[in-house]
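Text of protein04.cif (mmCIF, C-alpha atoms and all ligand atoms) as supplied:
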data_coords
#
loop_
_atom_site.group_PDB
_atom_site.id
_atom_site.type_symbol
_atom_site.label_atom_id
_atom_site.label_comp_id
_atom_site.auth_asym_id
_atom_site.auth_seq_id
_atom_site.Cartn_x
_atom_site.Cartn_y
_atom_site.Cartn_z
ATOM 1 C CA MET U 864 4.223 -23.720 8.758
ATOM 2 C CA SER U 865 2.075 -20.619 8.680
ATOM 3 C CA THR U 866 -1.687 -20.701 8.932
ATOM 4 C CA VAL U 867 -3.572 -19.031 6.106
ATOM 5 C CA TYR U 868 -7.234 -18.329 5.423
ATOM 6 C CA LEU U 869 -8.917 -19.665 2.301
ATOM 7 C CA ASN U 870 -12.654 -19.494 1.601
ATOM 8 C CA GLY U 871 -13.799 -19.739 5.207
ATOM 9 C CA GLU U 872 -11.135 -22.134 6.474
ATOM 10 C CA TYR U 873 -7.931 -21.658 8.452
ATOM 11 C CA LEU U 874 -5.360 -24.161 7.265
ATOM 12 C CA PRO U 875 -1.621 -24.779 6.935
ATOM 13 C CA LYS U 876 -0.259 -22.872 3.969
ATOM 14 C CA ASP U 877 0.836 -26.013 2.117
ATOM 15 C CA ARG U 878 -2.761 -27.270 2.146
ATOM 16 C CA ALA U 879 -4.206 -24.081 0.660
ATOM 17 C CA MET U 880 -4.969 -24.849 -2.993
ATOM 18 C CA ILE U 881 -6.529 -22.645 -5.653
ATOM 19 C CA SER U 882 -7.969 -23.789 -8.975
ATOM 20 C CA VAL U 883 -6.133 -23.012 -12.220
ATOM 21 C CA ASP U 884 -9.532 -21.681 -13.368
ATOM 22 C CA ASP U 885 -9.450 -18.951 -10.736
ATOM 23 C CA ARG U 886 -10.117 -15.609 -12.414
ATOM 24 C CA GLY U 887 -7.420 -14.011 -10.298
ATOM 25 C CA PHE U 888 -4.873 -16.360 -11.868
ATOM 26 C CA LEU U 889 -6.237 -16.176 -15.416
ATOM 27 C CA LEU U 890 -7.338 -12.534 -15.638
ATOM 28 C CA SER U 891 -6.075 -10.624 -12.573
ATOM 29 C CA ASP U 892 -9.789 -10.248 -11.878
ATOM 30 C CA GLY U 893 -9.624 -9.300 -8.232
ATOM 31 C CA ILE U 894 -8.483 -6.894 -5.576
ATOM 32 C CA TYR U 895 -6.293 -6.970 -2.499
ATOM 33 C CA GLU U 896 -5.582 -5.161 0.755
ATOM 34 C CA VAL U 897 -2.602 -5.032 3.079
ATOM 35 C CA THR U 898 -3.450 -4.123 6.670
ATOM 36 C CA PRO U 899 -0.845 -3.663 9.393
ATOM 37 C CA ALA U 900 -0.979 -4.810 13.008
ATOM 38 C CA TYR U 901 1.211 -3.224 15.666
ATOM 39 C CA ARG U 902 1.930 -5.550 18.582
ATOM 40 C CA GLY U 903 -1.014 -7.637 17.517
ATOM 41 C CA ARG U 904 -3.466 -4.770 17.172
ATOM 42 C CA LEU U 905 -4.836 -4.068 13.704
ATOM 43 C CA PHE U 906 -4.195 -0.467 12.717
ATOM 44 C CA ARG U 907 -6.858 1.516 10.845
ATOM 45 C CA VAL U 908 -8.576 -1.680 9.789
ATOM 46 C CA GLU U 909 -11.878 0.174 9.197
ATOM 47 C CA GLN U 910 -10.159 2.435 6.656
ATOM 48 C CA HIS U 911 -8.576 -0.552 4.908
ATOM 49 C CA MET U 912 -11.918 -2.378 4.797
ATOM 50 C CA ARG U 913 -13.660 0.748 3.485
ATOM 51 C CA ARG U 914 -11.166 0.930 0.616
ATOM 52 C CA LEU U 915 -11.690 -2.779 -0.046
ATOM 53 C CA ARG U 916 -15.464 -2.192 -0.140
ATOM 54 C CA HIS U 917 -14.923 0.645 -2.643
ATOM 55 C CA GLY U 918 -12.931 -1.758 -4.853
ATOM 56 C CA LEU U 919 -15.442 -4.611 -4.562
ATOM 57 C CA ASP U 920 -18.288 -2.264 -5.484
ATOM 58 C CA ALA U 921 -16.376 -0.696 -8.383
ATOM 59 C CA LEU U 922 -15.578 -4.161 -9.788
ATOM 60 C CA ARG U 923 -19.068 -5.499 -8.956
ATOM 61 C CA ILE U 924 -17.722 -8.439 -6.951
ATOM 62 C CA GLU U 925 -20.465 -9.514 -4.573
ATOM 63 C CA TYR U 926 -19.048 -10.371 -1.177
ATOM 64 C CA ASP U 927 -20.127 -9.706 2.393
ATOM 65 C CA SER U 928 -17.007 -8.181 3.939
ATOM 66 C CA ALA U 929 -18.440 -7.756 7.476
ATOM 67 C CA GLY U 930 -16.429 -10.628 8.978
ATOM 68 C CA LEU U 931 -13.064 -9.607 7.579
ATOM 69 C CA PRO U 932 -11.662 -7.629 10.549
ATOM 70 C CA GLU U 933 -12.310 -10.632 12.815
ATOM 71 C CA MET U 934 -10.637 -12.955 10.304
ATOM 72 C CA HIS U 935 -7.614 -10.617 10.232
ATOM 73 C CA ALA U 936 -7.366 -10.765 14.036
ATOM 74 C CA GLU U 937 -7.668 -14.568 13.948
ATOM 75 C CA LEU U 938 -4.810 -14.842 11.473
ATOM 76 C CA ILE U 939 -2.563 -12.644 13.617
ATOM 77 C CA ALA U 940 -3.312 -14.854 16.634
ATOM 78 C CA ALA U 941 -3.035 -18.152 14.742
ATOM 79 C CA ASN U 942 0.450 -17.190 13.559
ATOM 80 C CA SER U 943 1.595 -15.954 17.008
ATOM 81 C CA LEU U 944 2.234 -12.468 15.651
ATOM 82 C CA ASP U 945 0.707 -10.676 18.674
ATOM 83 C CA THR U 946 4.081 -9.862 20.144
ATOM 84 C CA GLU U 947 5.702 -8.625 16.938
ATOM 85 C CA GLU U 948 6.209 -4.867 16.636
ATOM 86 C CA VAL U 949 4.806 -4.920 13.092
ATOM 87 C CA ALA U 950 2.915 -7.605 11.205
ATOM 88 C CA ILE U 951 0.831 -7.393 8.060
ATOM 89 C CA VAL U 952 -2.214 -9.227 6.793
ATOM 90 C CA TYR U 953 -2.471 -9.649 3.026
ATOM 91 C CA LEU U 954 -6.006 -10.254 1.723
ATOM 92 C CA GLN U 955 -7.013 -11.035 -1.840
ATOM 93 C CA ILE U 956 -10.510 -11.467 -3.247
ATOM 94 C CA THR U 957 -11.026 -12.640 -6.810
ATOM 95 C CA ARG U 958 -14.172 -13.108 -8.857
ATOM 96 C CA GLY U 959 -13.871 -16.840 -8.298
ATOM 97 C CA VAL U 960 -13.455 -20.036 -10.289
ATOM 98 C CA ALA U 961 -15.141 -20.486 -13.677
ATOM 99 C CA PRO U 962 -14.197 -21.452 -17.258
ATOM 100 C CA ARG U 963 -12.300 -18.525 -18.737
ATOM 101 C CA THR U 964 -14.381 -15.769 -20.305
ATOM 102 C CA HIS U 965 -13.740 -12.045 -20.438
ATOM 103 C CA HIS U 966 -17.241 -11.283 -19.181
ATOM 104 C CA PHE U 967 -18.429 -12.098 -15.656
ATOM 105 C CA PRO U 968 -18.848 -15.766 -14.686
ATOM 106 C CA PRO U 969 -22.323 -17.265 -14.109
ATOM 107 C CA ALA U 970 -24.383 -15.750 -11.277
ATOM 108 C CA GLY U 971 -23.697 -17.573 -8.025
ATOM 109 C CA THR U 972 -19.962 -18.053 -8.696
ATOM 110 C CA LEU U 973 -18.368 -17.562 -5.287
ATOM 111 C CA PRO U 974 -15.445 -15.168 -4.922
ATOM 112 C CA THR U 975 -12.139 -16.693 -3.823
ATOM 113 C CA VAL U 976 -10.976 -15.182 -0.536
ATOM 114 C CA TYR U 977 -7.389 -15.757 0.545
ATOM 115 C CA ALA U 978 -5.344 -14.155 3.318
ATOM 116 C CA PHE U 979 -2.034 -14.628 5.049
ATOM 117 C CA ALA U 980 -0.235 -12.861 7.895
ATOM 118 C CA GLN U 981 3.469 -12.325 8.341
ATOM 119 C CA VAL U 982 5.941 -10.323 10.346
ATOM 120 C CA HIS U 983 7.186 -7.057 8.888
ATOM 121 C CA ARG U 984 10.648 -5.776 9.766
ATOM 122 C CA ARG U 985 11.039 -2.060 10.239
ATOM 123 C CA PRO U 986 14.476 -0.666 9.254
ATOM 124 C CA GLU U 987 16.979 0.015 12.037
ATOM 125 C CA SER U 988 16.790 3.693 12.986
ATOM 126 C CA ALA U 989 20.446 4.207 11.957
ATOM 127 C CA ARG U 990 19.541 3.007 8.461
ATOM 128 C CA TRP U 991 16.448 5.217 8.312
ATOM 129 C CA GLU U 992 18.456 8.272 9.381
ATOM 130 C CA GLN U 993 20.714 7.862 6.327
ATOM 131 C CA GLY U 994 17.737 8.310 4.029
ATOM 132 C CA TYR U 995 16.911 6.447 0.833
ATOM 133 C CA GLU U 996 17.122 6.932 -2.897
ATOM 134 C CA ALA U 997 14.467 6.854 -5.589
ATOM 135 C CA VAL U 998 14.296 6.877 -9.386
ATOM 136 C CA THR U 999 11.547 8.237 -11.625
ATOM 137 C CA VAL U 1000 9.668 5.776 -13.840
ATOM 138 C CA PRO U 1001 6.902 6.550 -16.376
ATOM 139 C CA ASP U 1002 3.460 5.665 -14.976
ATOM 140 C CA GLU U 1003 2.054 3.173 -17.469
ATOM 141 C CA ARG U 1004 -0.895 1.987 -15.355
ATOM 142 C CA TRP U 1005 -4.597 1.997 -16.178
ATOM 143 C CA ALA U 1006 -6.932 4.911 -15.414
ATOM 144 C CA ARG U 1007 -8.498 3.520 -12.176
ATOM 145 C CA VAL U 1008 -5.570 2.996 -9.841
ATOM 146 C CA ASP U 1009 -7.774 4.075 -6.905
ATOM 147 C CA ILE U 1010 -8.988 0.456 -7.130
ATOM 148 C CA LYS U 1011 -6.429 -1.795 -5.434
ATOM 149 C CA SER U 1012 -6.423 -4.292 -8.302
ATOM 150 C CA ILE U 1013 -4.203 -7.375 -8.181
ATOM 151 C CA GLY U 1014 -3.181 -6.495 -11.757
ATOM 152 C CA LEU U 1015 0.150 -4.943 -10.779
ATOM 153 C CA LEU U 1016 2.368 -5.460 -13.845
ATOM 154 C CA PRO U 1017 3.328 -1.781 -14.281
ATOM 155 C CA ASN U 1018 4.038 -1.563 -10.538
ATOM 156 C CA VAL U 1019 6.172 -4.718 -10.738
ATOM 157 C CA LEU U 1020 8.184 -3.309 -13.665
ATOM 158 C CA ALA U 1021 8.567 0.063 -11.924
ATOM 159 C CA GLN U 1022 9.823 -1.483 -8.683
ATOM 160 C CA GLN U 1023 12.160 -3.763 -10.637
ATOM 161 C CA ALA U 1024 13.626 -0.643 -12.277
ATOM 162 C CA ALA U 1025 14.234 0.732 -8.762
ATOM 163 C CA VAL U 1026 15.876 -2.510 -7.640
ATOM 164 C CA GLU U 1027 18.086 -2.584 -10.739
ATOM 165 C CA ALA U 1028 19.087 1.026 -10.035
ATOM 166 C CA GLY U 1029 19.992 -0.039 -6.482
ATOM 167 C CA VAL U 1030 17.421 2.271 -4.855
ATOM 168 C CA ALA U 1031 14.451 1.872 -2.525
ATOM 169 C CA ASP U 1032 11.620 3.541 -4.391
ATOM 170 C CA ALA U 1033 10.172 4.153 -7.848
ATOM 171 C CA LEU U 1034 8.426 7.495 -8.359
ATOM 172 C CA LEU U 1035 5.700 7.175 -11.005
ATOM 173 C CA VAL U 1036 5.400 10.164 -13.335
ATOM 174 C CA LYS U 1037 2.577 10.863 -15.786
ATOM 175 C CA ASP U 1038 2.250 13.966 -17.972
ATOM 176 C CA GLY U 1039 5.044 15.610 -16.009
ATOM 177 C CA VAL U 1040 3.311 15.052 -12.651
ATOM 178 C CA ALA U 1041 4.804 13.000 -9.803
ATOM 179 C CA LEU U 1042 1.868 10.817 -8.731
ATOM 180 C CA GLU U 1043 2.965 8.169 -6.231
ATOM 181 C CA GLY U 1044 5.349 5.255 -5.777
ATOM 182 C CA SER U 1045 5.070 1.698 -7.112
ATOM 183 C CA HIS U 1046 3.577 0.615 -3.773
ATOM 184 C CA ASN U 1047 3.393 3.812 -1.743
ATOM 185 C CA ASN U 1048 2.305 7.451 -1.890
ATOM 186 C CA VAL U 1049 4.685 10.364 -2.194
ATOM 187 C CA PHE U 1050 4.925 13.733 -0.472
ATOM 188 C CA ALA U 1051 7.114 16.778 -1.089
ATOM 189 C CA VAL U 1052 7.899 19.513 1.407
ATOM 190 C CA LEU U 1053 7.723 22.793 -0.527
ATOM 191 C CA ASP U 1054 8.383 26.000 1.402
ATOM 192 C CA GLY U 1055 7.299 24.280 4.597
ATOM 193 C CA VAL U 1056 4.069 22.909 3.064
ATOM 194 C CA VAL U 1057 3.563 19.153 3.042
ATOM 195 C CA THR U 1058 2.276 18.619 -0.481
ATOM 196 C CA THR U 1059 0.830 15.505 -2.109
ATOM 197 C CA HIS U 1060 -1.314 14.579 -5.104
ATOM 198 C CA PRO U 1061 -5.057 14.760 -4.378
ATOM 199 C CA ALA U 1062 -6.966 11.505 -3.859
ATOM 200 C CA THR U 1063 -8.240 11.150 -7.443
ATOM 201 C CA GLN U 1064 -8.495 8.063 -9.683
ATOM 202 C CA GLN U 1065 -4.791 8.567 -10.546
ATOM 203 C CA ILE U 1066 -3.434 7.394 -7.199
ATOM 204 C CA LEU U 1067 -4.272 4.806 -4.598
ATOM 205 C CA HIS U 1068 -5.897 6.514 -1.610
ATOM 206 C CA GLY U 1069 -3.325 5.344 0.884
ATOM 207 C CA VAL U 1070 -4.488 4.781 4.431
ATOM 208 C CA THR U 1071 -1.015 5.826 5.580
ATOM 209 C CA ARG U 1072 -1.215 8.913 3.339
ATOM 210 C CA ALA U 1073 -4.453 9.986 5.055
ATOM 211 C CA TYR U 1074 -2.950 9.307 8.485
ATOM 212 C CA VAL U 1075 0.205 11.297 7.742
ATOM 213 C CA ILE U 1076 -1.942 14.213 6.526
ATOM 214 C CA GLU U 1077 -3.849 14.057 9.840
ATOM 215 C CA LEU U 1078 -0.593 13.962 11.804
ATOM 216 C CA ALA U 1079 0.842 16.924 9.901
ATOM 217 C CA ARG U 1080 -2.269 18.993 10.619
ATOM 218 C CA GLU U 1081 -2.195 17.986 14.309
ATOM 219 C CA HIS U 1082 1.412 19.192 14.457
ATOM 220 C CA GLY U 1083 0.555 22.523 12.845
ATOM 221 C CA ILE U 1084 2.352 21.679 9.601
ATOM 222 C CA PRO U 1085 0.440 23.068 6.598
ATOM 223 C CA VAL U 1086 -0.795 20.501 4.070
ATOM 224 C CA GLU U 1087 -1.799 20.994 0.464
ATOM 225 C CA GLU U 1088 -3.292 18.345 -1.819
ATOM 226 C CA ARG U 1089 -2.509 19.266 -5.414
ATOM 227 C CA PRO U 1090 -0.668 17.765 -8.388
ATOM 228 C CA VAL U 1091 3.085 18.265 -7.990
ATOM 229 C CA PRO U 1092 5.030 18.629 -11.239
ATOM 230 C CA LEU U 1093 8.163 16.486 -11.304
ATOM 231 C CA GLU U 1094 10.323 19.576 -11.756
ATOM 232 C CA GLU U 1095 8.894 21.042 -8.545
ATOM 233 C CA MET U 1096 9.470 17.726 -6.814
ATOM 234 C CA ARG U 1097 13.124 17.776 -7.853
ATOM 235 C CA ALA U 1098 13.497 21.205 -6.196
ATOM 236 C CA ALA U 1099 11.688 20.169 -2.977
ATOM 237 C CA ASP U 1100 13.276 20.609 0.438
ATOM 238 C CA GLU U 1101 12.191 17.084 1.327
ATOM 239 C CA ILE U 1102 10.570 14.087 -0.320
ATOM 240 C CA PHE U 1103 9.137 11.083 1.482
ATOM 241 C CA PHE U 1104 7.047 8.055 0.621
ATOM 242 C CA THR U 1105 4.273 6.622 2.815
ATOM 243 C CA GLY U 1106 2.564 3.240 2.897
ATOM 244 C CA THR U 1107 1.657 0.267 5.023
ATOM 245 C CA THR U 1108 5.032 -1.433 4.578
ATOM 246 C CA THR U 1109 6.877 1.834 3.860
ATOM 247 C CA GLU U 1110 5.552 3.761 6.891
ATOM 248 C CA VAL U 1111 7.371 7.091 6.307
ATOM 249 C CA ARG U 1112 10.503 6.727 4.145
ATOM 250 C CA PRO U 1113 12.600 9.796 3.338
ATOM 251 C CA THR U 1114 14.228 10.189 -0.096
ATOM 252 C CA VAL U 1115 17.561 12.003 -0.006
ATOM 253 C CA ARG U 1116 18.499 11.393 -3.659
ATOM 254 C CA LEU U 1117 16.174 11.373 -6.661
ATOM 255 C CA ASP U 1118 17.612 10.169 -9.982
ATOM 256 C CA ASP U 1119 21.057 10.461 -8.413
ATOM 257 C CA GLN U 1120 20.632 14.142 -7.512
ATOM 258 C CA PRO U 1121 20.411 15.337 -3.907
ATOM 259 C CA VAL U 1122 16.996 16.290 -2.534
ATOM 260 C CA GLY U 1123 17.271 19.542 -0.548
ATOM 261 C CA ASN U 1124 20.532 19.395 1.363
ATOM 262 C CA GLY U 1125 20.858 15.661 0.694
ATOM 263 C CA LYS U 1126 19.982 14.731 4.292
ATOM 264 C CA VAL U 1127 16.820 13.469 5.949
ATOM 265 C CA GLY U 1128 14.751 16.579 6.692
ATOM 266 C CA PRO U 1129 13.006 17.715 9.875
ATOM 267 C CA VAL U 1130 9.466 17.299 8.522
ATOM 268 C CA ALA U 1131 9.935 13.644 7.536
ATOM 269 C CA LYS U 1132 11.572 13.021 10.886
ATOM 270 C CA ALA U 1133 8.796 14.690 12.889
ATOM 271 C CA LEU U 1134 6.114 12.846 10.953
ATOM 272 C CA TYR U 1135 7.849 9.470 11.302
ATOM 273 C CA GLU U 1136 8.168 10.001 15.050
ATOM 274 C CA ALA U 1137 4.502 11.002 15.276
ATOM 275 C CA PHE U 1138 3.584 7.990 13.149
ATOM 276 C CA GLN U 1139 5.465 5.579 15.377
ATOM 277 C CA ALA U 1140 3.950 7.121 18.499
ATOM 278 C CA GLY U 1141 0.489 6.840 16.929
ATOM 279 C CA THR U 1142 0.916 3.149 16.179
ATOM 280 C CA ARG U 1143 2.045 2.553 19.761
ATOM 281 C CA ALA U 1144 -0.879 4.427 21.347
HETATM 282 N N1 LIG U 1201 0.727 -0.940 -1.272
HETATM 283 N N2 LIG U 1201 0.072 3.465 -3.671
HETATM 284 C C1 LIG U 1201 0.159 2.220 -4.163
HETATM 285 C C2 LIG U 1201 0.268 2.047 -5.635
HETATM 286 C C3 LIG U 1201 0.143 1.114 -3.283
HETATM 287 O O1 LIG U 1201 0.222 -0.130 -3.771
HETATM 288 C C4 LIG U 1201 0.066 1.331 -1.872
HETATM 289 C C5 LIG U 1201 0.036 0.199 -0.892
HETATM 290 C C6 LIG U 1201 -0.005 2.660 -1.418
HETATM 291 C C7 LIG U 1201 -0.091 2.994 0.040
HETATM 292 O O2 LIG U 1201 -1.344 2.625 0.612
HETATM 293 P P1 LIG U 1201 -1.444 2.282 2.163
HETATM 294 O O3 LIG U 1201 -0.872 3.430 2.903
HETATM 295 O O4 LIG U 1201 -2.900 2.138 2.394
HETATM 296 O O5 LIG U 1201 -0.660 1.015 2.381
HETATM 297 C C8 LIG U 1201 -0.010 3.697 -2.337
HETATM 298 C C9 LIG U 1201 0.652 -2.153 -0.489
HETATM 299 C C10 LIG U 1201 1.203 -2.014 0.859
HETATM 300 C C11 LIG U 1201 1.269 -3.293 -1.284
HETATM 301 O O6 LIG U 1201 1.071 -3.316 -2.500
HETATM 302 O O7 LIG U 1201 1.911 -4.162 -0.703
#
For this file, write the structure as structure tokens.
Ligand code: PDD
Amino acid sequence: MSTVYLNGEYLPKDRAMISVDDRGFLLSDGIYEVTPAYRGRLFRVEQHMRRLRHGLDALRIEYDSAGLPEMHAELIAANSLDTEEVAIVYLQITRGVAPRTHHFPPAGTLPTVYAFAQVHRRPESARWEQGYEAVTVPDERWARVDIKSIGLLPNVLAQQAAVEAGVADALLVKDGVALEGSHNNVFAVLDGVVTTHPATQQILHGVTRAYVIELAREHGIPVEERPVPLEEMRAADEIFFTGTTTEVRPTVRLDDQPVGNGKVGPVAKALYEAFQAGTRA
């Protein structure tokens, strides 16, 4: 039985209970974070907590997040995940429990804070080397997807479309622009330039995205942040997705057409190697 965190307590998962009046359940009124740990060490936890803070402030959920990194470390330890290559901590904060109204609940309503930790399995390198496929899906999300809201219906439907197409990733497209994946960011390699949508309100500001940009620059690979039209994406030499559970995942077929030469490209490979080395350091 795993140990989870709920409102200040560590307890067995089957004893963690949440009210049916929770605004997360009734209204998707909350946000979440997913933070990785490599061999028990949290990776870029400050960046994840900064993004969480941005979401809490944008949604006006009052919560002191100072103790969260320590809670994350506790959960990793309590679930004996220190020796795993990759583990993740999922954290969700909702506006709390109150009779259902659209407007905010009475002042003093405490947010609900829930977290769990679990192992994450990286693909075998032979599988990774084969590359992955993706399909395009219209982006039907709201206008503030920089907030990591638990309201994920369009993401759920997009990823289900990918699953039903038998592929790994869904590429969300709005007004002809390839924005990001259902649960990851997307990059194209265009004439040697690693190109990705700028960190606006139209994408989630991925912690992995920022790290991969840093790694590219460190390796002397040029980076450009600009909107990438889908048609340009289709003609890219390489496409890859990035994210906490995705790490760096190369796309070799998009909508059943080969990307570049149809094989995993050198840029994705170099960046994945650098990424893995960075998480081991
Ligand atoms: N997803 N874009 C979207 C829409 C996401 O949901 C995520 C993360 C990312 C990548 O962000 P990061 O590199 O910080 O993980 C981009 C998490 C992992 C999830 O929903 O499980």
- Within 12 Å of stretch 982-988 of chain U, counting only C-alpha atoms, which residues qualify if same-chain residues fewer than 4 places away don't, as a PyMOL selection string? chain U and resi 865+897-903+938-939+942-953+992-995+1107-1112+1132+1135-1136+1139
- Query: Which residues, written as a PyMOL selection string, have at least one atom at most 12 Å from U:Ser882, with all atoms listed in the file counted and residues fewer than 5 positions away on the same chain left out?
  - Reply: chain U and resi 887-889+957+959-963+975
- Determine the residue membership of the PyMOL selection byres (((chain U and resi 909) around 12) and not hetatm) for the file above and supply it as a list in words. Glu896, Thr898, Pro899, Leu905, Phe906, Arg907, Val908, Gln910, His911, Met912, Arg913, Arg914, Leu915, Arg916, Ser928, Ala929, Gly930, Leu931, Pro932, Glu933, His935 and Val1070 of chain U
- Message: Suppose a student applies the PyMOL selection byres (((chain U and resi 970) around 12) and not hetatm) to this structure; what residues should they get, written as a list of chain:residue names?
- Response: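 After applying the PyMOL selection byres (((chain U and resi 970) around 12) and not hetatm), what remains is U:Arg923, U:Ile924, U:Glu925, U:Arg958, U:Gly959, U:Val960, U:Ala961, U:His966, U:Phe967, U:Pro968, U:Pro969, U:Gly971, U:Thr972, U:Leu973, U:Pro974.
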- Find the residues near stretch 997-1014 of chain U: any atom within 6 Å, counting all atoms listed in the file, skip ones fewer than 5 places away on the same chain, and give them as an MDAnalysis selection string. chainID U and resid 891 893:895 918 1030:1037 1064:1067 1117:1118
- Message: I'd like to know which of U:Phe1050, U:Phe979, U:Phe1138, U:Tyr868 is closest to U:Ala1099, using all atoms listed in the file.
- Response: U:Phe1050
- Between atom CA of U:Glu996 and atom CA of U:Glu1027 lies a distance of 12.4 Å
Can you sort out the box for ligand LIG 1201 (chain U), edges along x, y and z, all listed atoms in, 5 Å on every side, with centre and edge lengths in Å to one decimal, as lines of an AutoDock Vina configuration file?
center_x = -0.5
center_y = -0.2
center_z = -1.4
size_x = 14.8
size_y = 17.9
size_z = 18.5
- Message: If we draw a sphere of 7 Å around (0.6, 22.7, 4.2), which residues have at least one atom in it when counting only C-alpha atoms? Please report them as a VMD selection string.
- Response: chain U and resid 1055 to 1058 1084 to 1087
- Message: Report, in Å with one decimal, the straight-line distance from atom CA of U:Arg1116 to atom C1 of ligand LIG 1201 (chain U).
- Response: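 Interatomic distance, atom CA of U:Arg1116 to atom C1 of ligand LIG 1201 (chain U): 20.5 Å.
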- Find, counting all atoms listed in the file, the residue in U:Ala1051, U:Leu954, U:Ala1025, U:Ala1144 that gets nearest to U:Asn870.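 Closest to U:Asn870, using all atoms listed in the file: U:Leu954.
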- Message: Please compute the atom CA of U:Glu1088-atom C5 of ligand LIG 1201 (chain U) distance, one decimal, in Å.
- Response: 18.5 Å
- For U:Val1049, the closest of U:Gly1083, U:Gly1029, U:Pro1017, U:Gly1106 counting only C-alpha atoms is U:Gly1106
- Item | Nearest to U:Asp884, chosen from U:Leu1016, U:Thr964, U:Val867, U:Arg1072, with only C-alpha atoms counted in the distances |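 Of the candidates, the smallest distance to U:Asp884 is held by U:Thr964.
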- Tell me which of U:Ala1137, U:Leu1015, U:Val1040, U:Ala1098 sits closest to ligand LIG 1201 (chain U), counting all atoms listed in the file.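 Checking each of U:Ala1137, U:Leu1015, U:Val1040, U:Ala1098 against ligand LIG 1201 (chain U), counting all atoms listed in the file, the winner is U:Leu1015.
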Once all heavy atoms are restored for stretch 933-937 of chain U, what would the output be as a compact mmCIF listing (two decimals), keeping the file's coordinate frame?
# COMPACT_ATOMS: atom_id res chain seq x y z
N GLU U 933 -12.47 -9.52 11.87
CA GLU U 933 -12.31 -10.63 12.82
C GLU U 933 -11.38 -11.70 12.24
O GLU U 933 -10.53 -12.25 12.94
CB GLU U 933 -13.69 -11.23 13.08
CG GLU U 933 -13.76 -12.03 14.35
CD GLU U 933 -15.16 -12.62 14.52
OE1 GLU U 933 -16.15 -11.92 14.27
OE2 GLU U 933 -15.21 -13.82 14.89
N MET U 934 -11.52 -11.98 10.96
CA MET U 934 -10.64 -12.96 10.30
C MET U 934 -9.18 -12.47 10.36
O MET U 934 -8.26 -13.26 10.62
CB MET U 934 -11.10 -13.16 8.86
CG MET U 934 -10.27 -14.15 8.07
SD MET U 934 -8.86 -13.40 7.28
CE MET U 934 -9.60 -12.79 5.77
N HIS U 935 -8.98 -11.17 10.15
CA HIS U 935 -7.61 -10.62 10.23
C HIS U 935 -7.03 -10.86 11.63
O HIS U 935 -5.88 -11.28 11.77
CB HIS U 935 -7.63 -9.11 9.94
CG HIS U 935 -7.68 -8.77 8.48
ND1 HIS U 935 -8.63 -9.26 7.62
CD2 HIS U 935 -6.88 -7.98 7.71
CE1 HIS U 935 -8.41 -8.79 6.40
NE2 HIS U 935 -7.35 -8.01 6.43
N ALA U 936 -7.83 -10.58 12.65
CA ALA U 936 -7.37 -10.76 14.04
C ALA U 936 -7.05 -12.23 14.30
O ALA U 936 -6.05 -12.57 14.95
CB ALA U 936 -8.42 -10.24 15.00
N GLU U 937 -7.89 -13.12 13.78
CA GLU U 937 -7.67 -14.57 13.95
C GLU U 937 -6.33 -14.99 13.34
O GLU U 937 -5.60 -15.80 13.91
CB GLU U 937 -8.77 -15.37 13.24
CG GLU U 937 -10.11 -15.33 13.90
CD GLU U 937 -10.31 -16.48 14.89
OE1 GLU U 937 -9.64 -17.51 14.74
OE2 GLU U 937 -11.12 -16.31 15.81
